[in-house]
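Just below is one structure, and these are the notes that go with it.
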There are 4 protein chains.
Amino acid sequence: MSDVSDWWRTSIIEMEPGVIRLRDRPIEDLIGTVSFPQMIWLMLRGDLPTADEAALLEAALVASVDHGPQAPSIAAARMAVTCGLPLNNALGSAVNMLGDVHGGAGEQAVELYHRIDAAGGAAQAPFEIDRWQAEIGKYLPGFGHRFHTPQDPRAPRLLALVDDAAAAGAVAGRFARIARAVEAELAARKGKPVPMNIDGATAVIFAELGFPPPLARGLFCLSRSVGILAHAWEQMGQGGRNKGPTPPGYRWTYDPPDP
Amino acid sequence: MSDVSDWWRTSIIEMEPGVIRLRDRPIEDLIGTVSFPQMIWLMLRGDLPTADEAALLEAALVASVDHGPQAPSIAAARMAVTCGLPLNNALGSAVNMLGDVHGGAGEQAVELYHRIDAAGGAAQAPFEIDRWQAEIGKYLPGFGHRFHTPQDPRAPRLLALVDDAAAAGAVAGRFARIARAVEAELAARKGKPVPMNIDGATAVIFAELGFPPPLARGLFCLSRSVGILAHAWEQMGQGGRNKGPTPPGYRWTYDPPDP
Amino acid sequence: MSDVSDWWRTSIIEMEPGVIRLRDRPIEDLIGTVSFPQMIWLMLRGDLPTADEAALLEAALVASVDHGPQAPSIAAARMAVTCGLPLNNALGSAVNMLGDVHGGAGEQAVELYHRIDAAGGAAQAPFEIDRWQAEIGKYLPGFGHRFHTPQDPRAPRLLALVDDAAAAGAVAGRFARIARAVEAELAARKGKPVPMNIDGATAVIFAELGFPPPLARGLFCLSRSVGILAHAWEQMGQGGRNKGPTPPGYRWTYDPPDP
Amino acid sequence: MSDVSDWWRTSIIEMEPGVIRLRDRPIEDLIGTVSFPQMIWLMLRGDLPTADEAALLEAALVASVDHGPQAPSIAAARMAVTCGLPLNNALGSAVNMLGDVHGGAGEQAVELYHRIDAAGGAAQAPFEIDRWQAEIGKYLPGFGHRFHTPQDPRAPRLLALVDDAAAAGAVAGRFARIARAVEAELAARKGKPVPMNIDGATAVIFAELGFPPPLARGLFCLSRSVGILAHAWEQMGQGGRNKGPTPPGYRWTYDPPDP
């Protein structure tokens with residue numbers, strides 16, 4: 001029988017009475033010293049980022065906080081509050097919704113970039129796009145937007161920050177080249193722009209910084225939690241009871257069974 | 001019948017195709033410009049904090065990220081991953097657990113401080129402690145710790161930062177005085193120290209910064225989400241399937257019904 | 001240090017390799033022998049109900065399964081599926097929303113009936129209504145409906161079943177009398193009917209059967225889980241990606257800050 | 001712009017004031033008339049099962065309610081209650097954990113049986129086992145148990161009920177033959193029994209009854225919700241605050257980073 005003390009193992013935290021060490025650093029040395037994005041990096045990876053790396057991570061965290069009450073996660077948080085839930089439970093229901101479709105595009109975009117990188121880099125984008133569409137699906141994660149036409153305003157700003165960091169030697173910049181090669185190839189195939197969106201742009205940052213694909217989703221969850229919390233709190237101030245998606249009069253369409 | 005467009009109302013975000021404005025500021029002006037804690041403040045309150053205010057908020061966010069796999073929220077995240085859940089759902093189950101007992105002490109401590117402040121300030125602590133115990137319960141939120149004896153290492157560090165900010169005129173410092181008055185009174189009554197813990201100390205910061213009590217819990221959720229994510233990700237790397245709380249041999253004690 | 005095997009204690013289940021006993025009964029003696037509602041009762045209370053008791057519980061479980069995609073819980077399940085979540089996670093986000101406002105009215109109605117019962121029975125309804133409104137709030141849980149006018153079709157059917165059971169001596173019937181006294185008093189005060197709704201009627205059943213108030217909410221959660229699952233599954237068949245509450249064109253109303 | 005009333009469509013429910021129709025049947029005709037398992041079937045599929053079909057579904061629902069506080073879902077529910085969560089939120093965190101590993105084996109077993117059935121039936125089990133292991137993984141869902149040796153007590157009882165139903169002509173019985181062929185082949189390959197477990201046995205029932213694979217997970221969630229609720233409620237009676245997986249003294253093993 002394995003020892004019960006071995007059942008859970010971690011390299012993240014060690015504690016004794018009066019002592020908390022996170023990634024081997026006393027907590028009191030971190031408080032007031034490292035920034036919140038640096039702490040996020042430290043907890044996930046065990047080391048501290050450079051200032052330039054932390055700045056890129058911070059930009060990605062700032063960029064994704066909210067996309068309005070049309071986003072299912074934001075709507076769920078507001079609905080939850082009108083059901084009487086406190087903020088932690090509103091967050092629980094809402095963050096839970098950041099699944100493959102709502103929160104997974106960034107993770108998938110990092111995977112796409114990794115494939116192109118492993119195949120040799122940006123010049124291989126057309127072939128890897130073909131392979132992605134053959135193996136996974138027609139939809140290329142991180143490009144195009146059903147609402148933001150011609151372009152998601154967050155993407156060019158994020159890419160400009162990556163370019164600056166690459167020019168300063170803080171990151172390699174090869175995932176920015178890969179993402180732009182995908183964007184160019186899609187435009188050529190479609191005969192019109194299919195611009196990078198927020199997921200494609202934050203995926204460039206996460207790939208440049210060396211985060212594995214699932215953490216792209218994890219970091220998106222941390223960022224979007226801010227918007228979820230803000231909307232839940234605003235709804236709490238507005239009141240309302242059991243608010244469904246639409247006003248009572250609109251309801252839904254009933255499709256009767258075939259006779 | 002109310003207009004469907006009026007069903008959800010918000011002052012947080014406005015969008016048009018190609019345009020995202022958060023709290024009336026174009027998102028591209030915020031990315032790379034404001035820090036993540038500043039963004040959190042902006043989303044929750046509508047304005048930007050001073051640098052000193054943002055630094056205090058950042059310290060509180062850094063301080064609460066983790067308390068190890070003994071904390072139900074952290075354990076739940078690790079267990080969830082061994083059930084096959086991706087990171088967003090592990091976060092969903094775990095953040096959900098930050099209820100009144102696990103995530104609510106900071107909120108309750110802000111309420112306690114507000115009561116004392118409304119009664120006239122630190123000198124009223126003894127009377128308000130009596131009133132709290134008569135109306136709400138024996139347990140004073142934010143003071144004492146079942147594990148960290150003699151003292152939670154996070155609290156003095158956080159209070160030192162508040163003192164610095166108060167000395168610089170960045171915050172008033174009256175909630176730090178109130179919290180220390182509670183600590184002194186509890187020590188006098190018990191005949192031994194009942195030191196401020198992490199919840200009592202972050203509550204001082206949130207109260208000094210003007211956050212209402214429920215947001216003390218909300219901000220704690222944002223902070224603890226970092227530790228939840230880190231432990232979920234570490235567990236994902238370790239593998240394991242359907243890990244319950246203890247190794248299979250230990251199980252539980254069965255209390256048979258009375259004959 | 002307490003023994004780890006004592007950390008969790010239960011009277012519900014005992015296991016050895018090859019053996020599962022629920023409430024002291026071998027699982028193989030229950031499968032195919034007891035009904036699902038009987039099993040629910042056994043798990044929650046430790047004994048088996050009479051056939052008449054089980055029939056009343058079953059009626060309450062059948063009655064509350066669904067209230068359409070306007071209900072936040074049902075909408076959340078459908079939205080969750082369009083975010084890519086599998087059924088267990090859609091249930092997680094949706095059942096979570098059955099909070100004080102959405103899932104708590106039955107629990108509160110049982111509390112109201114218990115107060116009246118403790119005060120002496122149905123004749124005390126007017127005084128206890130006054131006390132409820134003075135201490136808790138204007139809204140009497142379990143009576144009136146914002147949509148179903150003149151009456152929720154589920155309530156009279158459920159009450160008829162309680163009447164039959166009371167006539168047969170299977171239940172006492174005093175909570176049915178209490179609920180009808182509340183209904184009569186509210187009608188007299190308002191000058192128009194304020195009929196019992198689904199929560200008020202299932203609360204009569206739960207109170208007659210001796211379930212404590214929190215289990216009224218718990219049993220409602222089991223019932224509503226059926227509708228949540230059915231809608232999540234139907235939505236999975238329909239497809240759709242990231243469906244927010246309303247079509248993209250409707251969005252929300254932006255309330256700009258004061259200048 | 002699509003009409004907002006068309007945004008959500010359903011064949012499950014239609015409502016008008018005073019009217020609720022589920023699957024085209026007035027709710028008042030269902031209450032007190034159909035059993036809870038019949039209602040579950042009606043909601044998921046649109047028609048009512050025969051008495052024999054309903055009995056098999058009921059047996060599967062009864063069989064899976066609980067596997068003790070070692071199961072992550074049950075442990076999560078108990079931990080959640082000690083964090084201060086009410087029953088709906090304890091259910092939310094716990095049901096959420098019934099993911100691919102914890103709640104998905106039944107779904108996967110139905111898929112395995114469908115593959116064998118599509119290939120020609122029980123005689124094809126060896127070839128389809130090979131194909132499963134080559135395409136999906138070494139582990140065959142629904143067979144073997146890490147705790148219940150020699151055998152999960154629920155499986156033979158459930159299979160006996162299927163055999164009875166097949167003998168009565170209520171179900172075809174071909175999925176029972178397929179499952180037994182898998183069991184026989186695994187025993188031959190391993191040189192020792194690898195008996196069907198609860199997931200393999202309920203999957204036989206769900207496949208015989210014509211439920212598609214994802215609903216095997218969905219129905220398991222409904223069943224396990226009963227145990228989750230019972231344990232949450234029992235824990236609520238026991239009290240306890242912030243109970244982690246093990247007593248405070250046991251904690252976890254710290255793996256320091258390499259120097």
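In the structure tokens, the first chain shown is A, the next is B, and so on; residue numbers restart at 1 for each chain, and ligands run from 1 in the order shown.
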
Distance limit 7 Å, atoms considered: only C-alpha atoms. Which chain C residues sit that close to chain D? Return them as a PyMOL selection string.
chain C and resi 1-2+4+7+13+17-19+27-28+31-32+35-36+39-40+43-44+58-59+61-63+68+87-89+91-93+95-96+98-99+147-154+157+218+221-222+225-227+229-230+246-247+249

Trp132 (chain A): which residues within 12 Å, counting only C-alpha atoms, same-chain residues fewer than 4 positions away excluded, as a list in words?
Gln108, Ala109, Glu111, Leu112, Tyr113, His114, Arg115, Ile116, Ala125, Pro126, Phe127, Glu128, Ile136, Gly137, Lys138, Tyr139, Leu140, Pro141 and Val182 of chain A

Take the residues that were just selected and, keeping all heavy atoms, output them as a short mmCIF file (atom, residue, chain, number, x, y, z; two decimals), in the first residue's frame.
```cif
data_model
loop_
_atom_site.label_atom_id
_atom_site.label_comp_id
_atom_site.auth_asym_id
_atom_site.auth_seq_id
_atom_site.Cartn_x
_atom_site.Cartn_y
_atom_site.Cartn_z
N GLN A 108 -5.51 25.51 -29.98
CA GLN A 108 -5.39 24.87 -31.28
C GLN A 108 -4.46 25.65 -32.22
O GLN A 108 -3.73 25.06 -33.02
CB GLN A 108 -6.79 24.72 -31.90
CG GLN A 108 -7.70 23.78 -31.10
CD GLN A 108 -9.16 24.16 -31.17
OE1 GLN A 108 -9.59 24.90 -32.06
NE2 GLN A 108 -9.95 23.68 -30.21
N ALA A 109 -4.48 26.97 -32.09
CA ALA A 109 -3.60 27.78 -32.93
C ALA A 109 -2.13 27.54 -32.57
O ALA A 109 -1.27 27.46 -33.45
CB ALA A 109 -3.96 29.26 -32.80
N GLU A 111 -1.00 24.77 -31.50
CA GLU A 111 -0.70 23.46 -32.11
C GLU A 111 -0.42 23.60 -33.60
O GLU A 111 0.51 22.98 -34.13
CB GLU A 111 -1.88 22.51 -31.89
CG GLU A 111 -1.98 22.02 -30.44
CD GLU A 111 -3.30 21.32 -30.14
OE1 GLU A 111 -4.15 21.21 -31.05
OE2 GLU A 111 -3.49 20.91 -28.98
N LEU A 112 -1.21 24.41 -34.27
CA LEU A 112 -0.99 24.65 -35.70
C LEU A 112 0.38 25.26 -35.94
O LEU A 112 1.14 24.82 -36.82
CB LEU A 112 -2.10 25.56 -36.24
CG LEU A 112 -1.93 26.08 -37.67
CD1 LEU A 112 -2.01 24.93 -38.67
CD2 LEU A 112 -2.98 27.14 -37.99
N TYR A 113 0.73 26.26 -35.15
CA TYR A 113 2.04 26.91 -35.33
C TYR A 113 3.17 25.93 -35.05
O TYR A 113 4.19 25.93 -35.74
CB TYR A 113 2.18 28.12 -34.39
CG TYR A 113 1.16 29.21 -34.57
CD1 TYR A 113 0.95 30.17 -33.56
CD2 TYR A 113 0.37 29.32 -35.72
CE1 TYR A 113 0.02 31.18 -33.69
CE2 TYR A 113 -0.57 30.34 -35.86
CZ TYR A 113 -0.74 31.26 -34.84
OH TYR A 113 -1.67 32.26 -34.97
N HIS A 114 2.98 25.09 -34.03
CA HIS A 114 4.01 24.09 -33.71
C HIS A 114 4.20 23.11 -34.87
O HIS A 114 5.32 22.71 -35.18
CB HIS A 114 3.62 23.33 -32.44
CG HIS A 114 3.94 24.06 -31.17
ND1 HIS A 114 3.73 23.51 -29.93
CD2 HIS A 114 4.44 25.29 -30.94
CE1 HIS A 114 4.10 24.37 -28.99
NE2 HIS A 114 4.52 25.47 -29.59
N ARG A 115 3.11 22.73 -35.50
CA ARG A 115 3.21 21.84 -36.65
C ARG A 115 4.03 22.48 -37.77
O ARG A 115 4.88 21.84 -38.39
CB ARG A 115 1.82 21.53 -37.21
CG ARG A 115 1.05 20.45 -36.45
CD ARG A 115 -0.34 20.32 -37.08
NE ARG A 115 -1.06 19.18 -36.51
CZ ARG A 115 -1.68 18.25 -37.24
NH1 ARG A 115 -1.70 18.33 -38.56
NH2 ARG A 115 -2.31 17.25 -36.66
N ILE A 116 3.73 23.74 -38.03
CA ILE A 116 4.44 24.43 -39.12
C ILE A 116 5.90 24.60 -38.74
O ILE A 116 6.80 24.39 -39.57
CB ILE A 116 3.76 25.79 -39.41
CG1 ILE A 116 2.34 25.56 -39.90
CG2 ILE A 116 4.58 26.60 -40.41
CD1 ILE A 116 1.49 26.83 -40.00
N ALA A 125 3.90 26.68 -44.34
CA ALA A 125 2.52 26.96 -43.95
C ALA A 125 1.50 26.36 -44.92
O ALA A 125 0.54 25.70 -44.48
CB ALA A 125 2.30 28.46 -43.77
N PRO A 126 1.65 26.55 -46.25
CA PRO A 126 0.63 26.00 -47.15
C PRO A 126 0.44 24.50 -47.00
O PRO A 126 -0.69 24.00 -46.98
CB PRO A 126 1.17 26.35 -48.54
CG PRO A 126 2.04 27.57 -48.32
CD PRO A 126 2.66 27.35 -46.97
N PHE A 127 1.53 23.77 -46.87
CA PHE A 127 1.42 22.31 -46.76
C PHE A 127 0.78 21.90 -45.44
O PHE A 127 -0.02 20.99 -45.37
CB PHE A 127 2.81 21.67 -46.92
CG PHE A 127 3.55 22.19 -48.12
CD1 PHE A 127 4.52 23.17 -48.00
CD2 PHE A 127 3.22 21.72 -49.41
CE1 PHE A 127 5.18 23.67 -49.11
CE2 PHE A 127 3.87 22.23 -50.52
CZ PHE A 127 4.86 23.21 -50.38
N GLU A 128 1.17 22.61 -44.39
CA GLU A 128 0.61 22.26 -43.09
C GLU A 128 -0.85 22.67 -42.97
O GLU A 128 -1.62 22.05 -42.24
CB GLU A 128 1.45 22.87 -41.97
CG GLU A 128 2.84 22.23 -41.85
CD GLU A 128 2.76 20.74 -41.55
OE1 GLU A 128 1.90 20.33 -40.76
OE2 GLU A 128 3.55 19.97 -42.15
N ILE A 136 -7.83 17.40 -39.42
CA ILE A 136 -8.55 17.95 -38.27
C ILE A 136 -9.84 18.65 -38.68
O ILE A 136 -10.90 18.37 -38.13
CB ILE A 136 -7.62 18.90 -37.47
CG1 ILE A 136 -6.45 18.08 -36.90
CG2 ILE A 136 -8.40 19.60 -36.37
CD1 ILE A 136 -5.42 18.86 -36.16
N GLY A 137 -9.76 19.55 -39.65
CA GLY A 137 -11.00 20.21 -40.04
C GLY A 137 -10.73 21.40 -40.94
O GLY A 137 -9.60 21.89 -41.03
N LYS A 138 -11.79 21.85 -41.57
CA LYS A 138 -11.67 22.93 -42.53
C LYS A 138 -11.26 24.24 -41.86
O LYS A 138 -10.57 25.08 -42.44
CB LYS A 138 -13.03 23.09 -43.22
CG LYS A 138 -13.09 24.12 -44.32
CD LYS A 138 -14.47 24.13 -44.96
CE LYS A 138 -14.65 25.38 -45.83
NZ LYS A 138 -13.50 25.63 -46.72
N TYR A 139 -11.73 24.40 -40.63
CA TYR A 139 -11.57 25.66 -39.91
C TYR A 139 -10.15 25.80 -39.36
O TYR A 139 -9.66 24.93 -38.64
CB TYR A 139 -12.60 25.68 -38.77
CG TYR A 139 -12.39 26.73 -37.73
CD1 TYR A 139 -12.68 28.08 -37.99
CD2 TYR A 139 -11.93 26.38 -36.46
CE1 TYR A 139 -12.50 29.04 -37.00
CE2 TYR A 139 -11.75 27.34 -35.47
CZ TYR A 139 -12.03 28.67 -35.75
OH TYR A 139 -11.85 29.61 -34.77
N LEU A 140 -9.48 26.89 -39.73
CA LEU A 140 -8.13 27.13 -39.20
C LEU A 140 -8.24 27.98 -37.93
O LEU A 140 -8.70 29.13 -37.99
CB LEU A 140 -7.28 27.88 -40.23
CG LEU A 140 -6.45 27.03 -41.18
CD1 LEU A 140 -5.26 26.40 -40.44
CD2 LEU A 140 -7.28 25.96 -41.85
N PRO A 141 -7.83 27.45 -36.79
CA PRO A 141 -8.02 28.19 -35.53
C PRO A 141 -7.15 29.44 -35.48
O PRO A 141 -5.97 29.40 -35.80
CB PRO A 141 -7.59 27.18 -34.47
CG PRO A 141 -6.63 26.28 -35.18
CD PRO A 141 -7.14 26.18 -36.59
N VAL A 182 0.52 32.01 -42.45
CA VAL A 182 -0.82 31.40 -42.50
C VAL A 182 -1.82 32.43 -42.99
O VAL A 182 -2.66 32.15 -43.86
CB VAL A 182 -1.23 30.86 -41.11
CG1 VAL A 182 -2.69 30.39 -41.12
CG2 VAL A 182 -0.30 29.73 -40.67
#
```

Based on the backbone DSSP call, show me all residues of region 33-249 of chain B assigned helix (DSSP H, G or I), as a VMD selection string.
chain B and resid 36 to 45 51 to 63 72 to 82 87 to 95 105 to 119 122 to 135 154 to 167 174 to 190 198 to 209 213 to 238

List the neighbours of Ala203 (chain D) out to 7 Å using only C-alpha atoms; skip same-chain residues closer than 5 positions along the sequence, and give me the result as JSON, numbers by chain.
{"D": [106, 109, 110, 216]}

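Going from CA of Gly142 (chain A) to CA of Asp199 (chain A) covers 4.8 Å.
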
What separation in Å, quoted to one decimal, exists between CA of Ala76 (chain D) and CA of Met196 (chain B)?
29.2 Å

Report the distance between CA of Ala119 (chain B) and CA of Arg174 (chain B) in Å, rounded to one decimal place.
12.9 Å

Selection near Val204 (chain B), 7 Å with only C-alpha atoms, sequence-local residues under 5 positions removed, as a CSV table (one decimal) with N, CA, C and O atoms, in the first residue's frame:
```csv
chain,number,residue,atom,x,y,z
B,175,PHE,N,-7.9,51.3,7.8
B,175,PHE,CA,-8.3,49.9,8.0
B,175,PHE,C,-7.1,49.1,8.5
B,175,PHE,O,-7.4,48.1,9.2
B,176,ALA,N,-5.9,49.5,8.3
B,176,ALA,CA,-4.8,48.8,8.9
B,176,ALA,C,-4.8,49.0,10.4
B,176,ALA,O,-4.6,48.1,11.2
B,179,ALA,N,-7.7,46.8,11.8
B,179,ALA,CA,-7.3,45.4,11.8
B,179,ALA,C,-6.4,45.1,13.0
B,179,ALA,O,-6.5,44.1,13.6
```

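The residue set within 9 Å of Arg241 (chain A), counting only C-alpha atoms and dropping same-chain residues fewer than 5 places from it, reads Met79, Val81, Thr82, Cys83 and Gly84 of chain A; Val101 and His102 of chain C.
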
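Neighbouring residues of Gly169 (chain C) at 12 Å or closer, counting only C-alpha atoms and skipping chain neighbours under 3 positions away, are Thr50, Asp52, Glu53, Val162, Asp163, Asp164, Ala165, Ala166, Ala172, Gly173, Arg174 and Glu208 of chain C.
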
Dump N, CA, C and O atoms for the selected residues as a CSV table (one decimal), in the first residue's frame?
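Printed below is again.csv as written:
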```csv
chain,number,residue,atom,x,y,z
C,50,THR,N,-42.8,3.6,1.7
C,50,THR,CA,-43.9,2.8,1.3
C,50,THR,C,-44.2,3.1,-0.1
C,50,THR,O,-43.7,4.1,-0.7
C,52,ASP,N,-46.9,4.2,-1.4
C,52,ASP,CA,-47.6,5.5,-1.6
C,52,ASP,C,-46.6,6.7,-1.4
C,52,ASP,O,-46.7,7.7,-2.2
C,53,GLU,N,-45.7,6.5,-0.5
C,53,GLU,CA,-44.7,7.6,-0.3
C,53,GLU,C,-43.8,7.7,-1.6
C,53,GLU,O,-43.5,8.8,-2.1
C,162,VAL,N,-51.6,14.5,-3.5
C,162,VAL,CA,-51.5,14.6,-2.1
C,162,VAL,C,-52.8,14.3,-1.4
C,162,VAL,O,-52.9,13.5,-0.4
C,163,ASP,N,-53.9,14.9,-1.9
C,163,ASP,CA,-55.2,14.6,-1.3
C,163,ASP,C,-55.5,13.1,-1.3
C,163,ASP,O,-56.1,12.6,-0.4
C,164,ASP,N,-55.3,12.5,-2.5
C,164,ASP,CA,-55.6,11.1,-2.6
C,164,ASP,C,-54.8,10.3,-1.5
C,164,ASP,O,-55.3,9.4,-0.9
C,165,ALA,N,-53.5,10.7,-1.4
C,165,ALA,CA,-52.6,9.9,-0.4
C,165,ALA,C,-53.1,10.2,1.0
C,165,ALA,O,-53.0,9.3,1.8
C,166,ALA,N,-53.5,11.4,1.2
C,166,ALA,CA,-54.0,11.7,2.6
C,166,ALA,C,-55.3,11.0,2.9
C,166,ALA,O,-55.5,10.4,4.0
C,172,ALA,N,-50.2,12.6,6.2
C,172,ALA,CA,-51.1,13.3,7.1
C,172,ALA,C,-52.0,14.3,6.5
C,172,ALA,O,-53.1,14.5,6.9
C,173,GLY,N,-51.4,15.0,5.5
C,173,GLY,CA,-52.2,16.0,4.8
C,173,GLY,C,-52.2,17.4,5.4
C,173,GLY,O,-52.8,18.3,4.9
C,174,ARG,N,-51.5,17.5,6.5
C,174,ARG,CA,-51.5,18.8,7.2
C,174,ARG,C,-50.7,19.9,6.5
C,174,ARG,O,-51.1,21.1,6.6
C,208,GLU,N,-44.8,16.8,3.5
C,208,GLU,CA,-45.6,15.6,3.9
C,208,GLU,C,-44.7,14.4,4.1
C,208,GLU,O,-45.0,13.6,5.0
```
